[in-house]
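Trainee: This is the structure I have questions about; it appears just below.
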Amino acid sequence: MNERITIYGTLESFEQISPEDYSLVIKEYESGKEWQIVATRWDVFEDLQLFHHYRCTGVKTLNGLTAEEVDRWGRYCDVCGKWHTEGYYVLEDGYACDEACAVALYNGDWNAFRADLALLDDPETEEEAPTYWTEWE
Ligand SMILES: [Zn+2]
């Protein structure tokens with residue numbers, strides 16, 4: 001029986017099997033389980049890059065997984081774990097889905113968070129800002 005599933009993961013490697021049949025390995029982020037993906041729609045995968053995070057929706061069959069669509073460029077929130085495609089890049093290495101999670105990465109110090117965001121308003125300090133809102137790419 002076919003089962004529709006969504007996988008979140010980091011594409012670690014893929015190899016070409018034949019011109020129209022590609023095999024991808026996506027490592028599931030939470031459990032560390034490896035999933036074999038058989039991509040039947042190459043257009044979905046043509047731009048995939050290694051080491052980015054993806055959300056892949058597909059159908060699980062006896063033979064593996066058939067990918068239907070891939071949501072690329074997302075990130076997991078470092079605070080609540082939510083998958084998001086735009087959010088705060090915090091203190092130069094954190095990912096936060098919204099303001100509340102971003103402030104949590106400042107240990108709850110809302111004033112420090114706002115002070116760092118304010119650096120973006122001045123062209124002279126803009127490049128020093130350790131935190132900003134962005135669409136992941
Ligand atoms: Zn969050």
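Lettering and numbering for the structure tokens are positional, with chains as A, B, ... in the shown order, residues counted from 1 in each chain, and ligands counted from 1 in the shown order.
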Using only C-alpha atoms and all ligand atoms, what are the residues with an atom within 8 Å of ligand 1, set out as an MDAnalysis selection string?
Mentor: chainID A and resid 76:82 96:98 100:102
Trainee: For the residues selected in the previous step, produce a file with C-alpha atoms as a CSV table (one decimal), in the first residue's frame.
Mentor:
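Output (selection16.csv):
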```
chain,number,residue,atom,x,y,z
A,76,TYR,CA,14.8,24.1,11.6
A,77,CYS,CA,14.2,26.6,14.3
A,78,ASP,CA,16.9,26.1,17.0
A,79,VAL,CA,14.4,26.9,19.7
A,80,CYS,CA,11.1,25.2,18.8
A,81,GLY,CA,12.2,22.9,15.9
A,82,LYS,CA,9.7,24.3,13.4
A,96,ALA,CA,14.8,31.2,14.7
A,97,CYS,CA,11.4,31.0,13.1
A,98,ASP,CA,10.0,34.1,14.8
A,100,ALA,CA,9.9,35.0,20.3
A,101,CYS,CA,12.3,32.2,19.3
A,102,ALA,CA,15.0,34.7,18.3
```
Trainee: Provide the CA of Phe113 (chain A) to CA of Asp71 (chain A) distance in Å, to one decimal place.
Mentor: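 Straight-line distance from CA of Phe113 (chain A) to CA of Asp71 (chain A) works out to 29.2 Å.
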Trainee: Write out as a list of chain:residue names each polymer residue whose atoms come within 10 Å of Thr134 (chain A), counting only C-alpha atoms; drop sequence neighbours fewer than 2 positions from it.
Mentor: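 Non-adjacent residues within range: A:Thr85, A:Glu86, A:Gly87, A:Tyr88, A:Tyr89, A:Thr131, A:Tyr132, A:Trp136, A:Glu137.
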Trainee: Please produce a file of those selected residues containing N, CA and C atoms, as a PDB file, in the first residue's frame.
Mentor:
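part01.pdb written:
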```pdb
ATOM      1  N   THR A  85      10.958  28.694   6.118  1.00  0.00           N
ATOM      2  CA  THR A  85      11.715  29.091   4.929  1.00  0.00           C
ATOM      3  C   THR A  85      12.206  30.537   5.018  1.00  0.00           C
ATOM      4  N   GLU A  86      11.702  31.282   5.988  1.00  0.00           N
ATOM      5  CA  GLU A  86      12.270  32.587   6.282  1.00  0.00           C
ATOM      6  C   GLU A  86      12.217  32.791   7.785  1.00  0.00           C
ATOM      7  N   GLY A  87      13.206  33.461   8.308  1.00  0.00           N
ATOM      8  CA  GLY A  87      13.239  33.644   9.753  1.00  0.00           C
ATOM      9  C   GLY A  87      14.446  34.468  10.151  1.00  0.00           C
ATOM     10  N   TYR A  88      14.752  34.434  11.440  1.00  0.00           N
ATOM     11  CA  TYR A  88      15.898  35.188  11.943  1.00  0.00           C
ATOM     12  C   TYR A  88      17.158  34.336  11.949  1.00  0.00           C
ATOM     13  N   TYR A  89      18.229  34.911  11.435  1.00  0.00           N
ATOM     14  CA  TYR A  89      19.563  34.351  11.602  1.00  0.00           C
ATOM     15  C   TYR A  89      20.111  35.079  12.817  1.00  0.00           C
ATOM     16  N   THR A 131      22.455  39.607  13.853  1.00  0.00           N
ATOM     17  CA  THR A 131      21.111  39.039  13.761  1.00  0.00           C
ATOM     18  C   THR A 131      20.314  39.799  12.716  1.00  0.00           C
ATOM     19  N   TYR A 132      19.644  39.067  11.884  1.00  0.00           N
ATOM     20  CA  TYR A 132      18.781  39.724  10.892  1.00  0.00           C
ATOM     21  C   TYR A 132      17.746  38.735  10.390  1.00  0.00           C
ATOM     22  N   TRP A 136      15.755  31.985   3.714  1.00  0.00           N
ATOM     23  CA  TRP A 136      16.872  31.053   3.601  1.00  0.00           C
ATOM     24  C   TRP A 136      17.143  30.726   2.145  1.00  0.00           C
ATOM     25  N   GLU A 137      18.383  30.625   1.804  1.00  0.00           N
ATOM     26  CA  GLU A 137      18.753  30.260   0.445  1.00  0.00           C
ATOM     27  C   GLU A 137      20.029  29.455   0.482  1.00  0.00           C
TER      28      GLU A 137
END
```
Trainee: Closest to Trp133 (chain A) among A:Ala104, A:Gly74, A:Leu117, A:Gly58, using only C-alpha atoms?
Mentor: A:Leu117
